[in-house]
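Visitor: What follows is work-v9.cif; its format and atoms are mmCIF, C-alpha atoms.
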data_final
#
loop_
_atom_site.group_PDB
_atom_site.id
_atom_site.type_symbol
_atom_site.label_atom_id
_atom_site.label_comp_id
_atom_site.auth_asym_id
_atom_site.auth_seq_id
_atom_site.Cartn_x
_atom_site.Cartn_y
_atom_site.Cartn_z
ATOM 1 C CA MET O 1 -2.006 13.411 -12.212
ATOM 2 C CA ILE O 2 0.681 12.303 -14.614
ATOM 3 C CA ILE O 3 2.243 8.839 -14.447
ATOM 4 C CA THR O 4 5.494 7.995 -16.210
ATOM 5 C CA TYR O 5 7.461 4.770 -16.558
ATOM 6 C CA LYS O 6 11.147 4.743 -17.486
ATOM 7 C CA ASP O 7 14.131 2.567 -16.543
ATOM 8 C CA ASN O 8 12.010 0.350 -14.270
ATOM 9 C CA ILE O 9 10.795 3.388 -12.288
ATOM 10 C CA LEU O 10 7.109 4.272 -12.154
ATOM 11 C CA THR O 11 6.546 7.883 -11.083
ATOM 12 C CA ALA O 12 3.160 9.305 -10.155
ATOM 13 C CA TYR O 13 3.122 13.107 -10.088
ATOM 14 C CA LEU O 14 0.267 13.815 -7.703
ATOM 15 C CA LYS O 15 -1.435 17.205 -7.706
ATOM 16 C CA GLY O 16 -4.207 19.130 -6.055
ATOM 17 C CA GLU O 17 -5.996 17.960 -2.937
ATOM 18 C CA ILE O 18 -5.763 14.397 -1.666
ATOM 19 C CA ASP O 19 -8.877 13.452 0.244
ATOM 20 C CA HIS O 20 -11.087 10.355 0.349
ATOM 21 C CA HIS O 21 -12.555 11.012 -3.095
ATOM 22 C CA THR O 22 -9.376 11.949 -4.961
ATOM 23 C CA ALA O 23 -7.279 9.249 -3.280
ATOM 24 C CA LYS O 24 -9.638 6.630 -4.733
ATOM 25 C CA ILE O 25 -9.253 8.087 -8.217
ATOM 26 C CA MET O 26 -5.454 8.153 -7.835
ATOM 27 C CA ARG O 27 -5.400 4.525 -6.648
ATOM 28 C CA GLU O 28 -7.465 3.497 -9.656
ATOM 29 C CA GLU O 29 -4.910 5.125 -11.962
ATOM 30 C CA ILE O 30 -1.705 4.031 -10.213
ATOM 31 C CA ASP O 31 -2.530 0.406 -9.359
ATOM 32 C CA PRO O 32 -3.045 -0.865 -12.931
ATOM 33 C CA LYS O 33 0.300 0.679 -13.915
ATOM 34 C CA ILE O 34 2.051 -1.083 -11.021
ATOM 35 C CA GLU O 35 0.429 -4.369 -12.010
ATOM 36 C CA ARG O 36 1.293 -3.884 -15.681
ATOM 37 C CA TYR O 37 4.919 -2.744 -15.380
ATOM 38 C CA LYS O 38 5.944 -4.321 -12.043
ATOM 39 C CA PRO O 39 8.556 -1.598 -11.493
ATOM 40 C CA LYS O 40 11.494 -1.914 -9.122
ATOM 41 C CA LEU O 41 10.732 1.558 -7.759
ATOM 42 C CA LEU O 42 7.486 3.475 -7.319
ATOM 43 C CA VAL O 43 7.929 7.216 -6.793
ATOM 44 C CA LEU O 44 5.031 9.222 -5.399
ATOM 45 C CA ASP O 45 5.822 12.861 -6.133
ATOM 46 C CA PHE O 46 3.837 15.206 -3.856
ATOM 47 C CA GLY O 47 5.332 18.376 -5.350
ATOM 48 C CA LYS O 48 2.018 19.777 -6.563
ATOM 49 C CA VAL O 49 -0.177 18.561 -3.703
ATOM 50 C CA THR O 50 -1.949 21.496 -2.053
ATOM 51 C CA PHE O 51 -3.797 19.605 0.694
ATOM 52 C CA MET O 52 -3.699 16.116 2.146
ATOM 53 C CA ASP O 53 -5.667 14.385 4.882
ATOM 54 C CA SER O 54 -5.235 10.845 6.203
ATOM 55 C CA SER O 55 -6.385 9.517 2.829
ATOM 56 C CA GLY O 56 -2.989 10.525 1.454
ATOM 57 C CA VAL O 57 -1.269 8.356 4.054
ATOM 58 C CA GLY O 58 -3.587 5.514 3.103
ATOM 59 C CA LEU O 59 -2.762 6.076 -0.553
ATOM 60 C CA ALA O 60 0.966 5.771 0.165
ATOM 61 C CA LEU O 61 0.608 2.723 2.438
ATOM 62 C CA GLY O 62 -1.624 0.900 -0.019
ATOM 63 C CA ARG O 63 0.747 1.520 -2.935
ATOM 64 C CA TYR O 64 3.612 0.276 -0.779
ATOM 65 C CA ARG O 65 1.750 -2.968 -0.103
ATOM 66 C CA LEU O 66 1.061 -3.423 -3.806
ATOM 67 C CA ILE O 67 4.594 -2.616 -5.010
ATOM 68 C CA SER O 68 5.984 -4.973 -2.339
ATOM 69 C CA GLN O 69 4.095 -7.861 -3.930
ATOM 70 C CA TYR O 70 6.343 -7.378 -6.967
ATOM 71 C CA ASN O 71 9.515 -7.011 -4.854
ATOM 72 C CA GLY O 72 9.613 -3.292 -5.577
ATOM 73 C CA GLN O 73 10.354 -0.327 -3.351
ATOM 74 C CA MET O 74 8.655 3.017 -2.862
ATOM 75 C CA ARG O 75 9.987 6.538 -2.493
ATOM 76 C CA VAL O 76 8.107 9.712 -1.563
ATOM 77 C CA ASP O 77 9.369 12.889 -3.239
ATOM 78 C CA ASN O 78 8.870 16.637 -2.871
ATOM 79 C CA THR O 79 6.644 16.755 0.179
ATOM 80 C CA GLN O 80 5.634 19.962 1.868
ATOM 81 C CA PRO O 81 6.814 20.060 5.492
ATOM 82 C CA TYR O 82 3.376 19.323 6.971
ATOM 83 C CA ILE O 83 2.826 16.387 4.594
ATOM 84 C CA LYS O 84 6.224 14.949 5.467
ATOM 85 C CA LYS O 85 5.423 15.343 9.165
ATOM 86 C CA VAL O 86 2.071 13.541 8.790
ATOM 87 C CA MET O 87 3.737 10.765 6.769
ATOM 88 C CA LYS O 88 6.445 10.317 9.390
ATOM 89 C CA LEU O 89 3.913 10.269 12.243
ATOM 90 C CA ALA O 90 2.093 7.494 10.383
ATOM 91 C CA GLY O 91 5.351 5.545 9.989
ATOM 92 C CA VAL O 92 5.693 5.901 6.225
ATOM 93 C CA ASP O 93 9.380 6.767 6.720
ATOM 94 C CA ARG O 94 9.945 3.184 7.962
ATOM 95 C CA ILE O 95 8.864 1.718 4.628
ATOM 96 C CA SER O 96 9.810 4.455 2.190
ATOM 97 C CA SER O 97 12.603 6.924 1.653
ATOM 98 C CA PHE O 98 11.908 10.636 1.260
ATOM 99 C CA GLU O 99 13.677 12.832 -1.283
ATOM 100 C CA GLY O 100 13.363 16.433 -2.321
ATOM 101 C CA GLN O 101 11.700 19.174 -0.385
ATOM 102 C CA HIS O 102 9.729 22.300 -1.069
ATOM 103 C CA ASP O 103 11.477 25.656 -1.328
ATOM 104 C CA ASN O 104 10.075 26.902 1.985
ATOM 105 C CA GLU O 105 11.478 23.836 3.747
ATOM 106 C CA LYS O 106 14.850 24.416 2.068
ATOM 107 C CA GLN O 107 14.782 28.020 3.274
ATOM 108 C CA THR O 108 13.973 26.858 6.812
ATOM 109 C CA ASP O 109 16.822 24.331 6.679
ATOM 110 C CA ASN O 110 19.218 27.020 5.398
ATOM 111 C CA ILE O 111 18.193 29.415 8.185
ATOM 112 C CA GLU O 112 18.617 26.707 10.830
ATOM 113 C CA ASN O 113 22.031 25.745 9.429
ATOM 114 C CA LYS O 114 23.099 29.407 9.320
ATOM 115 C CA GLU O 115 21.997 29.890 12.929
ATOM 116 C CA LYS O 116 23.997 26.807 13.977
ATOM 117 C CA VAL O 117 27.098 28.125 12.243
ATOM 118 C CA GLU O 118 26.698 31.561 13.776
ATOM 119 C CA LYS O 119 26.253 30.085 17.265
ATOM 120 C CA GLU O 120 29.327 27.872 16.828
ATOM 121 C CA GLY O 121 31.442 30.708 15.381
#
Could I get this file's structure written as structure tokens?

Guide:
Amino acid sequence: MIITYKDNILTAYLKGEIDHHTAKIMREEIDPKIERYKPKLLVLDFGKVTFMDSSGVGLALGRYRLISQYNGQMRVDNTQPYIKKVMKLAGVDRISSFEGQHDNEKQTDNIENKEKVEKEG
């Protein structure tokens, strides 16, 4: 995992599998940076996450609680479709915005949009 801080934005580039064990390690790396920098925005970038169980939802919710203590906001970026679905089912979309999407989700969106246009035309 790489963590960057620039222009009051703390970005954690998560990678690999997020399970109970790895989520703890990620928390231990992200939390001190939040407490040190007190950013206005925390970005959790899931672009290189290959697997996530409920521990990933817990990771996001816990970081939201922490960043909120410093009047900051959180954004979730580059989620795979199944991760985004799990996050939304858990209500993460009510506390965080989502940006970016994986290429296969973009392709699905493009196909669906093309089908809509063809049906309308």

Visitor: Can you tell me how far CA of Leu42 in chain O sits from CA of Tyr64 in chain O, in Å to one decimal?

Guide: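 About the pair CA of Leu42 in chain O and CA of Tyr64 in chain O: they are 8.2 Å apart.
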
Visitor: How many Å separate CA of Lys85 in chain O from CA of Glu35 in chain O?

Guide: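 Interatomic distance here is 29.4 Å.
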
Visitor: Evaluate the PyMOL selection byres ((chain O and resi 68) around 12) against this structure - the residues, as a PyMOL selection string, please.

Guide: chain O and resi 34-35+38-42+61-67+69-74+95-96

Visitor: Selected residues, C-alpha atoms, written as a short mmCIF file (atom, residue, chain, number, x, y, z; two decimals), in the coordinates of the input, please.

Guide:
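New file again01.cif:
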data_model
loop_
_atom_site.label_atom_id
_atom_site.label_comp_id
_atom_site.auth_asym_id
_atom_site.auth_seq_id
_atom_site.Cartn_x
_atom_site.Cartn_y
_atom_site.Cartn_z
CA ILE O 34 2.05 -1.08 -11.02
CA GLU O 35 0.43 -4.37 -12.01
CA LYS O 38 5.94 -4.32 -12.04
CA PRO O 39 8.56 -1.60 -11.49
CA LYS O 40 11.49 -1.91 -9.12
CA LEU O 41 10.73 1.56 -7.76
CA LEU O 42 7.49 3.48 -7.32
CA LEU O 61 0.61 2.72 2.44
CA GLY O 62 -1.62 0.90 -0.02
CA ARG O 63 0.75 1.52 -2.94
CA TYR O 64 3.61 0.28 -0.78
CA ARG O 65 1.75 -2.97 -0.10
CA LEU O 66 1.06 -3.42 -3.81
CA ILE O 67 4.59 -2.62 -5.01
CA GLN O 69 4.10 -7.86 -3.93
CA TYR O 70 6.34 -7.38 -6.97
CA ASN O 71 9.52 -7.01 -4.85
CA GLY O 72 9.61 -3.29 -5.58
CA GLN O 73 10.35 -0.33 -3.35
CA MET O 74 8.65 3.02 -2.86
CA ILE O 95 8.86 1.72 4.63
CA SER O 96 9.81 4.46 2.19
#

Visitor: Centre and edge lengths, as AutoDock Vina command-line options, for the axis-aligned box enclosing every listed atom of range 81-89 of chain O with 3 Å of padding on each of the six sides, in Å to one decimal?

Guide:
--center_x 4.4 --center_y 15.2 --center_z 8.4 --size_x 10.7 --size_y 15.8 --size_z 13.6

Visitor: Which distance in Å separates CA of Leu59 in chain O and CA of Val86 in chain O, to one decimal?

Guide: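 About the pair CA of Leu59 in chain O and CA of Val86 in chain O: they are 12.9 Å apart.
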
Visitor: Need the neighbours of (1.5, 19.3, -5.9): which residues are at most 12 Å away, counting all atoms listed in the file, as a ChimeraX atom specification?

Guide: /O:1-2,12-18,44-52,77-80,83,101-102

Visitor: Output C-alpha atoms of each residue in that selection to a file, as a short mmCIF file (atom, residue, chain, number, x, y, z; two decimals), in the frame of the given file.

Guide:
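Saved file out.cif follows:
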data_model
loop_
_atom_site.label_atom_id
_atom_site.label_comp_id
_atom_site.auth_asym_id
_atom_site.auth_seq_id
_atom_site.Cartn_x
_atom_site.Cartn_y
_atom_site.Cartn_z
CA MET O 1 -2.01 13.41 -12.21
CA ILE O 2 0.68 12.30 -14.61
CA ALA O 12 3.16 9.30 -10.15
CA TYR O 13 3.12 13.11 -10.09
CA LEU O 14 0.27 13.82 -7.70
CA LYS O 15 -1.44 17.20 -7.71
CA GLY O 16 -4.21 19.13 -6.06
CA GLU O 17 -6.00 17.96 -2.94
CA ILE O 18 -5.76 14.40 -1.67
CA LEU O 44 5.03 9.22 -5.40
CA ASP O 45 5.82 12.86 -6.13
CA PHE O 46 3.84 15.21 -3.86
CA GLY O 47 5.33 18.38 -5.35
CA LYS O 48 2.02 19.78 -6.56
CA VAL O 49 -0.18 18.56 -3.70
CA THR O 50 -1.95 21.50 -2.05
CA PHE O 51 -3.80 19.60 0.69
CA MET O 52 -3.70 16.12 2.15
CA ASP O 77 9.37 12.89 -3.24
CA ASN O 78 8.87 16.64 -2.87
CA THR O 79 6.64 16.76 0.18
CA GLN O 80 5.63 19.96 1.87
CA ILE O 83 2.83 16.39 4.59
CA GLN O 101 11.70 19.17 -0.38
CA HIS O 102 9.73 22.30 -1.07
#

Visitor: Would you mind telling me which residue in O:Lys6, O:His20, O:Arg36, O:Arg75 lies nearest to Gly58 in chain O when using only C-alpha atoms?

Guide: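 Of O:Lys6, O:His20, O:Arg36, O:Arg75, the one nearest Gly58 in chain O is O:His20, counting only C-alpha atoms.
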
Visitor: Pick out the closest residue to Asp31 in chain O from this set: O:Asp19, O:Asn8, O:Tyr82, O:Ala60. Count all atoms listed in the file.

Guide: O:Ala60

Visitor: Which is closer to Ile9 in chain O than all the others in O:Met87, O:Ile30, O:Val43, O:Ala23, using only C-alpha atoms?

Guide: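 Of O:Met87, O:Ile30, O:Val43, O:Ala23, the one nearest Ile9 in chain O is O:Val43, counting only C-alpha atoms.
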
Visitor: Will you model N, CA and C atoms for range 58-93 of chain O and pass it back as a CSV table (one decimal), keeping the file's coordinate frame?

Guide:
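The result, stored in result20.csv:
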chain,number,residue,atom,x,y,z
O,58,GLY,N,-3.0,6.8,3.6
O,58,GLY,CA,-3.6,5.5,3.1
O,58,GLY,C,-3.2,5.2,1.7
O,59,LEU,N,-3.2,6.2,0.8
O,59,LEU,CA,-2.8,6.1,-0.6
O,59,LEU,C,-1.3,5.6,-0.6
O,60,ALA,N,-0.4,6.2,0.2
O,60,ALA,CA,1.0,5.8,0.2
O,60,ALA,C,1.1,4.4,0.7
O,61,LEU,N,0.5,4.1,1.8
O,61,LEU,CA,0.6,2.7,2.4
O,61,LEU,C,0.1,1.6,1.5
O,62,GLY,N,-1.1,1.9,0.9
O,62,GLY,CA,-1.6,0.9,0.0
O,62,GLY,C,-0.8,0.6,-1.2
O,63,ARG,N,-0.1,1.7,-1.8
O,63,ARG,CA,0.7,1.5,-2.9
O,63,ARG,C,2.0,0.8,-2.5
O,64,TYR,N,2.5,1.0,-1.3
O,64,TYR,CA,3.6,0.3,-0.8
O,64,TYR,C,3.3,-1.2,-0.7
O,65,ARG,N,2.1,-1.6,-0.2
O,65,ARG,CA,1.8,-3.0,-0.1
O,65,ARG,C,1.7,-3.6,-1.5
O,66,LEU,N,1.2,-2.9,-2.5
O,66,LEU,CA,1.1,-3.4,-3.8
O,66,LEU,C,2.4,-3.6,-4.4
O,67,ILE,N,3.3,-2.6,-4.4
O,67,ILE,CA,4.6,-2.6,-5.0
O,67,ILE,C,5.4,-3.7,-4.3
O,68,SER,N,5.2,-3.9,-3.1
O,68,SER,CA,6.0,-5.0,-2.3
O,68,SER,C,5.7,-6.4,-2.9
O,69,GLN,N,4.5,-6.6,-3.4
O,69,GLN,CA,4.1,-7.9,-3.9
O,69,GLN,C,4.9,-8.2,-5.1
O,70,TYR,N,5.5,-7.2,-5.8
O,70,TYR,CA,6.3,-7.4,-7.0
O,70,TYR,C,7.8,-7.1,-6.6
O,71,ASN,N,8.1,-7.2,-5.3
O,71,ASN,CA,9.5,-7.0,-4.9
O,71,ASN,C,10.1,-5.6,-5.2
O,72,GLY,N,9.2,-4.7,-5.3
O,72,GLY,CA,9.6,-3.3,-5.6
O,72,GLY,C,9.7,-2.5,-4.3
O,73,GLN,N,10.2,-1.3,-4.5
O,73,GLN,CA,10.4,-0.3,-3.4
O,73,GLN,C,9.6,0.9,-3.7
O,74,MET,N,9.4,1.8,-2.7
O,74,MET,CA,8.7,3.0,-2.9
O,74,MET,C,9.5,4.2,-2.3
O,75,ARG,N,9.3,5.3,-3.0
O,75,ARG,CA,10.0,6.5,-2.5
O,75,ARG,C,9.0,7.7,-2.6
O,76,VAL,N,9.0,8.5,-1.6
O,76,VAL,CA,8.1,9.7,-1.6
O,76,VAL,C,9.0,10.9,-1.8
O,77,ASP,N,8.6,11.7,-2.8
O,77,ASP,CA,9.4,12.9,-3.2
O,77,ASP,C,8.6,14.2,-3.1
O,78,ASN,N,9.4,15.3,-2.8
O,78,ASN,CA,8.9,16.6,-2.9
O,78,ASN,C,7.7,16.9,-2.0
O,79,THR,N,7.7,16.5,-0.7
O,79,THR,CA,6.6,16.8,0.2
O,79,THR,C,6.8,18.1,0.8
O,80,GLN,N,5.6,18.8,1.1
O,80,GLN,CA,5.6,20.0,1.9
O,80,GLN,C,5.9,19.5,3.3
O,81,PRO,N,6.4,20.4,4.1
O,81,PRO,CA,6.8,20.1,5.5
O,81,PRO,C,5.7,19.4,6.3
O,82,TYR,N,4.5,19.9,6.2
O,82,TYR,CA,3.4,19.3,7.0
O,82,TYR,C,3.0,17.9,6.5
O,83,ILE,N,3.1,17.7,5.1
O,83,ILE,CA,2.8,16.4,4.6
O,83,ILE,C,3.9,15.4,5.0
O,84,LYS,N,5.1,15.8,5.0
O,84,LYS,CA,6.2,14.9,5.5
O,84,LYS,C,6.0,14.6,6.9
O,85,LYS,N,5.6,15.6,7.7
O,85,LYS,CA,5.4,15.3,9.2
O,85,LYS,C,4.3,14.3,9.4
O,86,VAL,N,3.2,14.5,8.7
O,86,VAL,CA,2.1,13.5,8.8
O,86,VAL,C,2.5,12.1,8.4
O,87,MET,N,3.3,12.1,7.3
O,87,MET,CA,3.7,10.8,6.8
O,87,MET,C,4.7,10.1,7.8
O,88,LYS,N,5.5,10.9,8.4
O,88,LYS,CA,6.4,10.3,9.4
O,88,LYS,C,5.7,9.9,10.6
O,89,LEU,N,4.7,10.7,11.1
O,89,LEU,CA,3.9,10.3,12.2
O,89,LEU,C,3.2,9.0,12.0
O,90,ALA,N,2.8,8.7,10.7
O,90,ALA,CA,2.1,7.5,10.4
O,90,ALA,C,3.1,6.3,10.1
O,91,GLY,N,4.4,6.6,10.2
O,91,GLY,CA,5.4,5.5,10.0
O,91,GLY,C,5.7,5.3,8.6
O,92,VAL,N,5.4,6.1,7.6
O,92,VAL,CA,5.7,5.9,6.2
O,92,VAL,C,7.2,5.9,6.0
O,93,ASP,N,7.9,6.7,6.9
O,93,ASP,CA,9.4,6.8,6.7
O,93,ASP,C,10.1,5.4,7.0
